[in-house]
Amino acid sequence: MDKTWKTKPFGELTSERLIGLVRGSKEQSINFQYSYIKMDSIYRNGRLDLSLATRVNATSDEVDRYKLKYGDFLFNTRNSHELVGKSAIFEELDGIYLFNNNIMRVRFHEFVHPQYINFAFQSNIVKSQLEKLKNKTTSVCAIYDSKLISVKIPLPSIEEQKRIAEILDKADAVRRKRQEAIRLTEELLRSTFLEMFGDPVTNPKGWPTVSFKKLMMDSPQNGIYKPAKDYGSGVPIVRIDSFDKTSIKDIRNLKRVSLNLELTQKYQLKARDILVNRVNSISHLGKSAVVLNLNEPTVYESNMMRISVDEQLANPIFLVFQLQDPWIKGQIKKKSRDAVNQSSINQQDVSSFMLRLPPIDLQIKFETAYHKIYKFKSRLISEKSFHENLFNSLLQRAFRGEL
């Protein structure tokens, strides 16, 4: 770090720190008056997704106290271990936005630039401190204000803070453009599916409806459970975080698990197998992917099931797209078994899903379109990775005083 920079505790930089407004799920409705930001709106990349905001009613006193203004710093105090400590700057000019009680709103003294602090919270210098402050229970993780105020922040002059924030903003904008381009390719895939087959919910083209079981070569099979001590080397294993919008992200980067030959053969995936997530939060339950391009024997974890389909009747890529549709999501919700922290579906539930089944030649045409679009998406992902690495390099240099 530049020797001319001061290091100050976070608490000395702030003029206000406020935990947000409590509202239960029954107190939220699209018909209510004010936008309400919850913890899932704070992304990993230091930005807000306001499309995830819900609506609540509030008194005039509550609005006065909890209304966000442009430039407010928002900090995720309670969430999963991965997402606690994420932050964002509120940059919306229209409408009244309130925030919930898992989020802390922070306002700073005039010698602090909020966006500089937001970038600081993404740097290794601050993230390593936040990691040590996390208070973890069985289901949630938290960073309390009494500990947060002690986090040491490298603080140059306000002019230098603004200069650094401007450089990082430009680098961040490039990576976000790549992310938006990737999102648009996903929308193109979805619109191609709907154009060819119609909405499965309303089935305007009148396709036959069949149970998933009738398309399967054999019964679904759950994956293998191995304790954490067995991970590190051995056979590649697909986990739920390996999925990326109907396909596996990167076969080369899968974690590995130690297995003997018998277990490897029992749980070995084949090209064009379908994987369906059977245990997760309700929003991710049923998440699925087609297995493509395996380079070596690969197995799959116990929180998902493997399905092989008769390709004379159904195309796996077509089926996986349909499995992500609201038509199936509604069936999953009805069949799910909900516990405190997760929901589940079993093999019988998945086998009973009712699917729309257009002619196989039309399904194959969709796969051809899928591969063309996915090839372009893969190039965008590669470019995004380059710009992510560039941004992270600039970020770490900035807070070492080397930018």
# chains A, B, ... in the order shown; residues from 1 in each chain; ligands from 1
>>> select_by_dssp(residues="segment 236-330 of chain A", states="helix (DSSP H, G or I)", output="PyMOL selection string")
chain A and resi 240-242+251-253+261-266+316-323+326-330
>>> residues_around(residues="segment 90-99 of chain A", least_positions_apart="4", cutoff="10 Å", atoms="only C-alpha atoms", output="ChimeraX atom specification")
/A:19-23,33-39,47-48,50,53-58,62-74,103-105,114-115
>>> closest_residue(among="A:Leu184, A:Leu275, A:Leu194, A:Leu319", to="Ser302 of chain A", atoms="only C-alpha atoms")
A:Leu275
>>> select_by_dssp(residues="segment 313-390 of chain A", states="strand (DSSP E or B)", output="CSV table (one decimal) with C-alpha atoms, in the first residue's frame")
chain,number,residue,atom,x,y,z
A,337,ARG,CA,-41.2,-31.5,0.2
A,338,ASP,CA,-40.2,-28.4,2.1
A,343,SER,CA,-36.8,-28.5,-0.5
A,344,SER,CA,-36.7,-31.8,-2.3
A,354,MET,CA,-46.1,-34.1,-17.7
A,355,LEU,CA,-44.2,-32.8,-20.7
A,356,ARG,CA,-45.3,-31.5,-24.1
>>> atom_distance(atom1="atom CA of Ala171 of chain A", atom2="atom CA of Asp40 of chain A")
24.0 Å
>>> atom_distance(atom1="atom CA of Phe10 of chain A", atom2="atom CA of Lys86 of chain A")
15.1 Å
>>> residues_around(residues="Ala398 of chain A", least_positions_apart="4", cutoff="12 Å", atoms="only C-alpha atoms", output="PDB file with C-alpha atoms, in the first residue's frame")
ATOM      1  CA  MET A   1       0.000   0.000   0.000  1.00  0.00           C
ATOM      2  CA  ASP A   2       1.173   3.558  -0.752  1.00  0.00           C
ATOM      3  CA  TRP A   5      -2.261   6.571   2.464  1.00  0.00           C
ATOM      4  CA  TYR A 116     -14.392   3.830  -3.719  1.00  0.00           C
ATOM      5  CA  ILE A 117     -15.549   2.044  -0.547  1.00  0.00           C
ATOM      6  CA  PHE A 119     -14.707  -1.325  -4.655  1.00  0.00           C
ATOM      7  CA  ALA A 120     -12.619  -1.623  -1.481  1.00  0.00           C
ATOM      8  CA  GLN A 122     -14.473  -6.277  -3.286  1.00  0.00           C
ATOM      9  CA  SER A 123     -10.695  -6.178  -2.797  1.00  0.00           C
ATOM     10  CA  ASN A 124      -8.712  -8.909  -1.075  1.00  0.00           C
ATOM     11  CA  ILE A 125      -7.523  -6.427   1.569  1.00  0.00           C
ATOM     12  CA  PRO A 154      -6.918   2.066   3.023  1.00  0.00           C
ATOM     13  CA  LEU A 155      -7.882   5.699   2.493  1.00  0.00           C
ATOM     14  CA  PRO A 156      -6.064   8.115   0.180  1.00  0.00           C
ATOM     15  CA  GLU A 160      -7.439   9.926  -5.318  1.00  0.00           C
ATOM     16  CA  GLN A 161     -10.484   7.929  -4.200  1.00  0.00           C
ATOM     17  CA  LYS A 162     -12.498   9.426  -7.071  1.00  0.00           C
ATOM     18  CA  ARG A 163      -9.704   8.744  -9.580  1.00  0.00           C
ATOM     19  CA  ILE A 164      -9.450   5.085  -8.540  1.00  0.00           C
ATOM     20  CA  ALA A 165     -13.225   4.633  -8.557  1.00  0.00           C
ATOM     21  CA  GLU A 166     -13.429   6.128 -12.065  1.00  0.00           C
ATOM     22  CA  ILE A 167     -10.804   3.730 -13.459  1.00  0.00           C
ATOM     23  CA  LEU A 168     -12.436   0.716 -11.836  1.00  0.00           C
ATOM     24  CA  PHE A 391     -10.768  -6.032 -13.552  1.00  0.00           C
ATOM     25  CA  ASN A 392      -9.596  -8.143 -10.609  1.00  0.00           C
ATOM     26  CA  SER A 393      -5.968  -7.326 -11.394  1.00  0.00           C
ATOM     27  CA  LEU A 394      -6.758  -3.601 -11.457  1.00  0.00           C
ATOM     28  CA  GLU A 402      -0.170   0.726  -7.457  1.00  0.00           C
ATOM     29  CA  LEU A 403      -2.794   2.086  -9.848  1.00  0.00           C
TER      30      LEU A 403
END
>>> atom_distance(atom1="atom CA of Asn79 of chain A", atom2="atom CA of Ser29 of chain A")
22.3 Å
>>> residues_around(residues="Val201 of chain A", least_positions_apart="2", cutoff="7 Å", atoms="only C-alpha atoms", output="short mmCIF file (atom, residue, chain, number, x, y, z; two decimals) with C-alpha atoms, in the first residue's frame")
data_model
loop_
_atom_site.label_atom_id
_atom_site.label_comp_id
_atom_site.auth_asym_id
_atom_site.auth_seq_id
_atom_site.Cartn_x
_atom_site.Cartn_y
_atom_site.Cartn_z
CA ASP A 199 -45.53 -21.75 -24.53
CA ASN A 203 -49.65 -25.40 -25.48
CA TRP A 327 -44.96 -25.36 -16.94
#
>>> closest_residue(among="A:Thr202, A:Asn222, A:Gln322, A:Ser378", to="Ala181 of chain A", atoms="only C-alpha atoms")
A:Ser378
>>> closest_residue(among="A:Glu110, A:Glu311, A:Glu131, A:Asp349", to="Ile328 of chain A", atoms="only C-alpha atoms")
A:Asp349
>>> decode(residues="segment 71-124 of chain A", atoms="C-alpha atoms", output="CSV table (one decimal), in the first residue's frame")
chain,number,residue,atom,x,y,z
A,71,GLY,CA,-25.1,7.1,-3.5
A,72,ASP,CA,-26.2,5.1,-0.4
A,73,PHE,CA,-23.9,2.2,0.4
A,74,LEU,CA,-25.8,-1.1,1.0
A,75,PHE,CA,-24.1,-4.0,2.9
A,76,ASN,CA,-25.4,-7.5,3.2
A,77,THR,CA,-25.2,-8.3,6.9
A,78,ARG,CA,-27.1,-11.7,6.9
A,79,ASN,CA,-27.2,-14.3,4.2
A,80,SER,CA,-25.5,-17.5,3.0
A,81,HIS,CA,-21.8,-17.6,3.9
A,82,GLU,CA,-20.9,-16.8,0.3
A,83,LEU,CA,-23.1,-13.7,0.0
A,84,VAL,CA,-22.6,-12.1,3.5
A,85,GLY,CA,-20.4,-9.1,3.1
A,86,LYS,CA,-21.5,-8.3,-0.4
A,87,SER,CA,-22.1,-4.6,-1.1
A,88,ALA,CA,-23.5,-2.2,-3.7
A,89,ILE,CA,-24.2,1.5,-4.3
A,90,PHE,CA,-27.8,2.6,-4.8
A,91,GLU,CA,-27.9,4.5,-8.0
A,92,GLU,CA,-31.7,4.7,-8.8
A,93,LEU,CA,-33.2,8.2,-9.3
A,94,ASP,CA,-36.8,7.3,-9.8
A,95,GLY,CA,-39.3,6.0,-7.2
A,96,ILE,CA,-39.1,5.3,-3.5
A,97,TYR,CA,-37.0,2.3,-2.4
A,98,LEU,CA,-36.9,0.9,1.1
A,99,PHE,CA,-34.6,-1.9,2.3
A,100,ASN,CA,-35.0,-4.9,4.5
A,101,ASN,CA,-33.5,-5.9,7.8
A,102,ASN,CA,-30.7,-8.1,6.4
A,103,ILE,CA,-29.2,-5.0,4.8
A,104,MET,CA,-27.3,-2.1,6.4
A,105,ARG,CA,-27.6,1.3,4.8
A,106,VAL,CA,-24.4,3.3,5.3
A,107,ARG,CA,-23.8,7.0,4.6
A,108,PHE,CA,-20.3,8.5,4.8
A,109,HIS,CA,-18.5,11.6,5.9
A,110,GLU,CA,-17.6,14.1,3.1
A,111,PHE,CA,-14.0,12.9,2.9
A,112,VAL,CA,-15.2,9.5,1.7
A,113,HIS,CA,-16.3,8.5,-1.8
A,114,PRO,CA,-19.0,5.8,-1.6
A,115,GLN,CA,-18.0,4.0,-4.8
A,116,TYR,CA,-14.4,3.8,-3.7
A,117,ILE,CA,-15.5,2.0,-0.5
A,118,ASN,CA,-17.7,-0.3,-2.6
A,119,PHE,CA,-14.7,-1.3,-4.7
A,120,ALA,CA,-12.6,-1.6,-1.5
A,121,PHE,CA,-15.1,-4.2,-0.2
A,122,GLN,CA,-14.5,-6.3,-3.3
A,123,SER,CA,-10.7,-6.2,-2.8
A,124,ASN,CA,-8.7,-8.9,-1.1
